[in-house]
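Undergrad: This is the structure I want to talk about, given as structure tokens.
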Amino acid sequence: MTMLLVERDPGLQPLPEDGGGATLDDLLSGAWEGLAAACSTSCPVCAGELEPRWTSRAALAGGRCRDCASELR
Ligand SMILES: [Zn+2]
């Protein structure tokens, strides 16, 4: 005979209250990865086109959105 034991969470955790910083970090790191890999990616702010910016030594310096002018640095 099998007993099915269902454990309930002692208290469901509320959503994190620190402003969702991790989510923004995820977006930004994803944008960096997209820039490095594909040389263009979507803007984490408006989903527009993010253009890479290069240093004089052809190292990736960041990106700038064509649509909302957000800069990724
Ligand atoms: Zn944008």
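Ordering of the structure tokens sets the chain letters (A, B, ...); residue numbers start at 1 within each chain; ligands are numbered from 1 in the order shown.
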Using only C-alpha atoms and all ligand atoms, find each residue with an atom at most 6 Å away from ligand 1 and format the answer as number ranges by chain.
TA: A: 43, 45-48, 65, 67-70
Undergrad: Output N, CA and C atoms for every residue in that selection, as a PDB file, in the first residue's frame.
TA:
ATOM      1  N   CYS A  43      18.155  45.354 -28.646  1.00  0.00           N
ATOM      2  CA  CYS A  43      18.284  46.238 -27.498  1.00  0.00           C
ATOM      3  C   CYS A  43      17.517  45.666 -26.307  1.00  0.00           C
ATOM      4  N   VAL A  45      16.392  47.306 -23.964  1.00  0.00           N
ATOM      5  CA  VAL A  45      15.423  48.307 -23.519  1.00  0.00           C
ATOM      6  C   VAL A  45      14.192  48.303 -24.420  1.00  0.00           C
ATOM      7  N   CYS A  46      14.410  48.419 -25.728  1.00  0.00           N
ATOM      8  CA  CYS A  46      13.272  48.580 -26.635  1.00  0.00           C
ATOM      9  C   CYS A  46      13.217  47.492 -27.693  1.00  0.00           C
ATOM     10  N   ALA A  47      14.159  46.538 -27.662  1.00  0.00           N
ATOM     11  CA  ALA A  47      14.209  45.461 -28.640  1.00  0.00           C
ATOM     12  C   ALA A  47      14.523  45.958 -30.038  1.00  0.00           C
ATOM     13  N   GLY A  48      15.032  47.157 -30.131  1.00  0.00           N
ATOM     14  CA  GLY A  48      15.485  47.662 -31.423  1.00  0.00           C
ATOM     15  C   GLY A  48      16.846  47.090 -31.767  1.00  0.00           C
ATOM     16  N   CYS A  65      21.981  51.555 -29.190  1.00  0.00           N
ATOM     17  CA  CYS A  65      20.728  51.245 -29.857  1.00  0.00           C
ATOM     18  C   CYS A  65      20.416  52.299 -30.906  1.00  0.00           C
ATOM     19  N   ASP A  67      17.474  52.774 -32.079  1.00  0.00           N
ATOM     20  CA  ASP A  67      16.110  53.265 -31.899  1.00  0.00           C
ATOM     21  C   ASP A  67      15.950  54.167 -30.688  1.00  0.00           C
ATOM     22  N   CYS A  68      16.512  53.750 -29.550  1.00  0.00           N
ATOM     23  CA  CYS A  68      16.283  54.525 -28.343  1.00  0.00           C
ATOM     24  C   CYS A  68      17.577  55.118 -27.812  1.00  0.00           C
ATOM     25  N   ALA A  69      18.690  54.885 -28.509  1.00  0.00           N
ATOM     26  CA  ALA A  69      19.983  55.481 -28.167  1.00  0.00           C
ATOM     27  C   ALA A  69      20.514  55.024 -26.823  1.00  0.00           C
ATOM     28  N   SER A  70      19.995  53.929 -26.313  1.00  0.00           N
ATOM     29  CA  SER A  70      20.589  53.376 -25.113  1.00  0.00           C
ATOM     30  C   SER A  70      21.987  52.872 -25.435  1.00  0.00           C
TER      31      SER A  70
END
Undergrad: Show which residues sit within 10 Å of stretch 56-60 of chain A, as a ChimeraX atom specification. Count only C-alpha atoms, and ignore same-chain residues fewer than 2 positions away.
TA: /A:32,35-36,39,52-54,62-63,73
Undergrad: Quick one: distance from atom CA of A:Leu50 to atom CA of A:Arg66 in Å, one decimal?
TA: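 Between these atoms lies a distance of 6.2 Å.
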Undergrad: For the atom pair atom CA of A:Leu24 and atom CA of A:Leu72, what is the interatomic distance in Å to one decimal place?
TA: 12.3 Å
